[in-house]
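Okay, so here's the structure we're looking at.
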Amino acid sequence: MGYCFGPVPSRRLGRSLGVDILPMKTCNLNCVYCELGITEKFTCERDEYIPVQEIKKDIETVLRSGRHPFDVLTFTASGEPCLHSRLGELISFAKQLSGKPVVVLTNGTLVSDPEVRDELCNTDILLPSLDAVLPGAFRRVNRPAECVKIDGIVKGMVALSRQFKGEMWLEVLIVKGINDRPEDIKALKQAVDEIKPNRIQLNSVARPPAEPWAKPLSRDRMEEIRNFLGSRAEVVIDFNRRLKEGFMPVVEVEIMETLKRRPMTTHDISEILGIKPETAEKVLEKMASAKVLKHENFQGRTYYRPHR
Ligand code: SF4
């Protein structure tokens, strides 16, 4: 089983070699906008869900092959990576072996635990999320497990930002009519002013969400919120940078491995594989006719996902 995927062109990080360290959709949240669908394993327990030796072996194989140039190595998950009880060990291993900046993409809920904070402090770039601070908005947008408390998360993030020496980019995802009320944004600003991340990255629903009724905010409203949050805030837009180098042969299994983690358009796939959009479309359509992939339309774009 491969745990590494990509490199995926990330709008924030460049070419990101992903390492997925949890079984599909293991999370303590069930966000309405989640591009992985509804949470299947809803848990707050940290555990070695995938044996750490297997993950290390896969990282080692991919790095030694030297096949795919990448800018950063990102720990992510088909769920919440901090739920893996040996995340700290994996971060140290990847840093030492790759010599590249290590990133962790997290929903931020477990930073209330000092042990998790210590583990995360070894990363170079930390991308935690915080979509809402008021309990009602937090419940509406993130639909947390019983054990997740927003007060503890905000306090944990403040403590982490004081302890952490790397770059912290806080992602805030706003869903129209769910966590965009003026009082929600005001409370968010108070928390963000205390947390003091290096950047605040404002996002909205950009890929097919878990709930079809989860809609994106208008560009104007996003800009309004960005202005309110201050100079560290930016609206992150779709990645549109072309890969400068690196051609990978079109291998359907690589397309499958990538699409298992997130739905993508023809454009995304052509960027990742470094091939012409026409070629990507041909392969994707072939896989769709064979019912290996299915189409999904969202906001006027066609995404591909594996048939489950
Ligand atoms: S968006 Fe992230 S945190 Fe939210 S349910 Fe999906 S995997 Fe979990």
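If you're wondering about the labels, chains in the structure tokens are A, B, ... by order shown, residues count from 1 in each chain, ligands from 1 in order shown.
For ligand 1, the neighbouring protein, DNA and RNA residues, which are those within 7 Å when only C-alpha atoms and all ligand atoms are counted, are Lys25, Cys27, Asn28, Leu29, Asn30, Cys31, Tyr33, Cys34, Glu35, Leu36, Thr39, Ser78, Gly79, Glu80, Asn107 and Asn142 of chain A.
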Near segment 285-302 of chain A, within 12 Å and counting only C-alpha atoms, which residues show up once chain neighbours fewer than 4 positions away are dropped, as a ChimeraX atom specification? /A:35,205-217,251-253,255-257,259-260,263-268,277-281,306-308
Skip Ile225 of chain A itself and residues of its chain fewer than 3 positions away, then list as a PyMOL selection string all residues within 12 Å of it, counting only C-alpha atoms. chain A and resi 172-174+179-186+188-189+200-204+217-222+228-235
Could you produce a table of the residues of segment 181-223 of chain A lying within 12 Å of segment 120-125 of chain A, with the nearest pair of atoms per residue and their separation in Å rounded to one decimal, using only C-alpha atoms, ordered by chain and increasing residue number, as a Markdown table?
| residue | atom | partner | partner_atom | distance |
| --- | --- | --- | --- | --- |
| A:Pro197 | CA | A:Ile125 | CA | 11.1 |
| A:Asn198 | CA | A:Ile125 | CA | 10.2 |
| A:Arg199 | CA | A:Ile125 | CA | 11.1 |
When DSSP works through the backbone of this structure, what residues of segment 100-244 of chain A end up as strand (DSSP E), shown as a PyMOL selection string? chain A and resi 102-106+125-128+167-174+199-204+233-235
Export, as a compact mmCIF listing (two decimals), in the first residue's frame, the selected residues with N, CA and C atoms.
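Below is the file again_0.txt, written as the result:
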# COMPACT_ATOMS: atom_id res chain seq x y z
N VAL A 102 9.22 20.30 6.10
CA VAL A 102 8.10 19.39 6.41
C VAL A 102 6.90 20.23 6.86
N VAL A 103 5.77 19.88 6.30
CA VAL A 103 4.54 20.63 6.55
C VAL A 103 3.52 19.68 7.19
N VAL A 104 2.71 20.20 8.10
CA VAL A 104 1.57 19.40 8.58
C VAL A 104 0.30 20.21 8.34
N LEU A 105 -0.64 19.54 7.71
CA LEU A 105 -1.94 20.13 7.41
C LEU A 105 -2.91 19.56 8.44
N THR A 106 -3.42 20.38 9.33
CA THR A 106 -4.23 19.84 10.42
C THR A 106 -5.50 20.65 10.62
N ILE A 125 6.53 24.24 8.49
CA ILE A 125 5.33 25.04 8.19
C ILE A 125 4.13 24.28 8.74
N LEU A 126 3.33 25.00 9.44
CA LEU A 126 2.15 24.39 10.04
C LEU A 126 0.91 25.08 9.48
N LEU A 127 -0.01 24.28 8.98
CA LEU A 127 -1.23 24.84 8.39
C LEU A 127 -2.45 24.38 9.18
N PRO A 128 -2.73 25.01 10.29
CA PRO A 128 -3.94 24.62 11.03
C PRO A 128 -5.16 25.36 10.50
N GLU A 167 6.82 28.62 10.50
CA GLU A 167 5.77 29.47 9.92
C GLU A 167 4.40 28.88 10.23
N MET A 168 3.51 29.67 10.73
CA MET A 168 2.15 29.17 10.95
C MET A 168 1.19 29.94 10.04
N TRP A 169 0.54 29.21 9.15
CA TRP A 169 -0.44 29.81 8.25
C TRP A 169 -1.80 29.25 8.64
N LEU A 170 -2.63 30.13 9.13
CA LEU A 170 -3.94 29.70 9.60
C LEU A 170 -4.94 29.73 8.45
N GLU A 171 -5.59 28.62 8.21
CA GLU A 171 -6.60 28.61 7.15
C GLU A 171 -7.99 28.78 7.74
N VAL A 172 -8.73 29.69 7.15
CA VAL A 172 -10.11 29.93 7.57
C VAL A 172 -11.00 29.66 6.37
N LEU A 173 -11.88 28.71 6.49
CA LEU A 173 -12.77 28.43 5.35
C LEU A 173 -14.20 28.87 5.71
N ILE A 174 -14.71 29.76 4.88
CA ILE A 174 -16.03 30.33 5.16
C ILE A 174 -17.05 29.76 4.18
N ARG A 199 0.42 34.08 8.65
CA ARG A 199 -0.52 34.43 7.59
C ARG A 199 -1.90 33.90 7.95
N ILE A 200 -2.90 34.57 7.43
CA ILE A 200 -4.27 34.07 7.55
C ILE A 200 -4.74 33.84 6.12
N GLN A 201 -5.08 32.61 5.80
CA GLN A 201 -5.47 32.31 4.43
C GLN A 201 -6.96 32.01 4.37
N LEU A 202 -7.65 32.94 3.71
CA LEU A 202 -9.10 32.81 3.62
C LEU A 202 -9.50 32.00 2.42
N ASN A 203 -10.35 31.05 2.67
CA ASN A 203 -10.74 30.14 1.60
C ASN A 203 -12.26 29.97 1.64
N SER A 204 -12.78 29.39 0.58
CA SER A 204 -14.21 29.05 0.60
C SER A 204 -14.39 27.72 -0.12
N ALA A 233 -3.93 38.86 6.41
CA ALA A 233 -4.92 38.00 5.76
C ALA A 233 -4.82 38.09 4.24
N GLU A 234 -5.06 36.98 3.58
CA GLU A 234 -5.08 36.95 2.11
C GLU A 234 -6.16 35.97 1.66
N VAL A 235 -6.68 36.25 0.47
CA VAL A 235 -7.67 35.31 -0.09
C VAL A 235 -6.88 34.34 -0.96
Tell me, which residues of segment 179-232 of chain A carry DSSP helix (DSSP H, G or I), written as a ChimeraX atom specification? /A:182-195,219-229
Preceding selection exported with N, CA and C atoms as an mmCIF file, in the first residue's frame:
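What ended up in again-v5.cif:
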data_model
loop_
_atom_site.group_PDB
_atom_site.id
_atom_site.type_symbol
_atom_site.label_atom_id
_atom_site.label_comp_id
_atom_site.auth_asym_id
_atom_site.auth_seq_id
_atom_site.Cartn_x
_atom_site.Cartn_y
_atom_site.Cartn_z
ATOM 1 N N PRO A 182 -21.699 38.556 10.698
ATOM 2 C CA PRO A 182 -20.743 39.548 11.214
ATOM 3 C C PRO A 182 -20.214 39.164 12.606
ATOM 4 N N GLU A 183 -21.087 38.617 13.482
ATOM 5 C CA GLU A 183 -20.600 38.253 14.828
ATOM 6 C C GLU A 183 -19.607 37.093 14.793
ATOM 7 N N ASP A 184 -19.766 36.190 13.797
ATOM 8 C CA ASP A 184 -18.815 35.079 13.659
ATOM 9 C C ASP A 184 -17.438 35.618 13.262
ATOM 10 N N ILE A 185 -17.455 36.549 12.322
ATOM 11 C CA ILE A 185 -16.182 37.092 11.808
ATOM 12 C C ILE A 185 -15.497 37.950 12.878
ATOM 13 N N LYS A 186 -16.314 38.660 13.676
ATOM 14 C CA LYS A 186 -15.745 39.501 14.744
ATOM 15 C C LYS A 186 -15.041 38.629 15.789
ATOM 16 N N ALA A 187 -15.709 37.542 16.183
ATOM 17 C CA ALA A 187 -15.120 36.626 17.182
ATOM 18 C C ALA A 187 -13.861 35.966 16.627
ATOM 19 N N LEU A 188 -13.912 35.657 15.352
ATOM 20 C CA LEU A 188 -12.754 35.044 14.690
ATOM 21 C C LEU A 188 -11.568 36.008 14.740
ATOM 22 N N LYS A 189 -11.849 37.284 14.472
ATOM 23 C CA LYS A 189 -10.760 38.272 14.467
ATOM 24 C C LYS A 189 -10.113 38.374 15.860
ATOM 25 N N GLN A 190 -10.961 38.361 16.905
ATOM 26 C CA GLN A 190 -10.394 38.451 18.262
ATOM 27 C C GLN A 190 -9.447 37.279 18.522
ATOM 28 N N ALA A 191 -9.879 36.078 18.120
ATOM 29 C CA ALA A 191 -9.044 34.890 18.342
ATOM 30 C C ALA A 191 -7.754 34.972 17.522
ATOM 31 N N VAL A 192 -7.897 35.368 16.270
ATOM 32 C CA VAL A 192 -6.746 35.437 15.372
ATOM 33 C C VAL A 192 -5.732 36.479 15.866
ATOM 34 N N ASP A 193 -6.237 37.573 16.413
ATOM 35 C CA ASP A 193 -5.339 38.606 16.943
ATOM 36 C C ASP A 193 -4.521 38.072 18.108
ATOM 37 N N GLU A 194 -5.100 37.131 18.839
ATOM 38 C CA GLU A 194 -4.372 36.531 19.960
ATOM 39 C C GLU A 194 -3.396 35.457 19.486
ATOM 40 N N ILE A 195 -3.843 34.690 18.492
ATOM 41 C CA ILE A 195 -3.005 33.580 17.994
ATOM 42 C C ILE A 195 -1.785 34.115 17.247
ATOM 43 N N ARG A 219 -16.611 36.597 -4.140
ATOM 44 C CA ARG A 219 -15.265 37.178 -4.089
ATOM 45 C C ARG A 219 -15.283 38.499 -3.290
ATOM 46 N N ASP A 220 -16.353 39.309 -3.498
ATOM 47 C CA ASP A 220 -16.443 40.605 -2.813
ATOM 48 C C ASP A 220 -16.527 40.431 -1.302
ATOM 49 N N ARG A 221 -17.340 39.469 -0.860
ATOM 50 C CA ARG A 221 -17.492 39.245 0.582
ATOM 51 C C ARG A 221 -16.185 38.707 1.179
ATOM 52 N N MET A 222 -15.501 37.875 0.398
ATOM 53 C CA MET A 222 -14.206 37.360 0.858
ATOM 54 C C MET A 222 -13.226 38.527 1.059
ATOM 55 N N GLU A 223 -13.230 39.453 0.118
ATOM 56 C CA GLU A 223 -12.322 40.607 0.204
ATOM 57 C C GLU A 223 -12.672 41.481 1.408
ATOM 58 N N GLU A 224 -13.974 41.611 1.651
ATOM 59 C CA GLU A 224 -14.440 42.408 2.795
ATOM 60 C C GLU A 224 -13.916 41.797 4.100
ATOM 61 N N ILE A 225 -14.016 40.477 4.199
ATOM 62 C CA ILE A 225 -13.554 39.777 5.409
ATOM 63 C C ILE A 225 -12.028 39.890 5.521
ATOM 64 N N ARG A 226 -11.364 39.769 4.404
ATOM 65 C CA ARG A 226 -9.898 39.894 4.415
ATOM 66 C C ARG A 226 -9.484 41.267 4.955
ATOM 67 N N ASN A 227 -10.152 42.318 4.467
ATOM 68 C CA ASN A 227 -9.825 43.670 4.952
ATOM 69 C C ASN A 227 -10.051 43.784 6.443
ATOM 70 N N PHE A 228 -11.143 43.173 6.919
ATOM 71 C CA PHE A 228 -11.477 43.251 8.336
ATOM 72 C C PHE A 228 -10.434 42.511 9.186
ATOM 73 N N LEU A 229 -9.928 41.400 8.672
ATOM 74 C CA LEU A 229 -8.990 40.592 9.465
ATOM 75 C C LEU A 229 -7.585 41.197 9.518
#
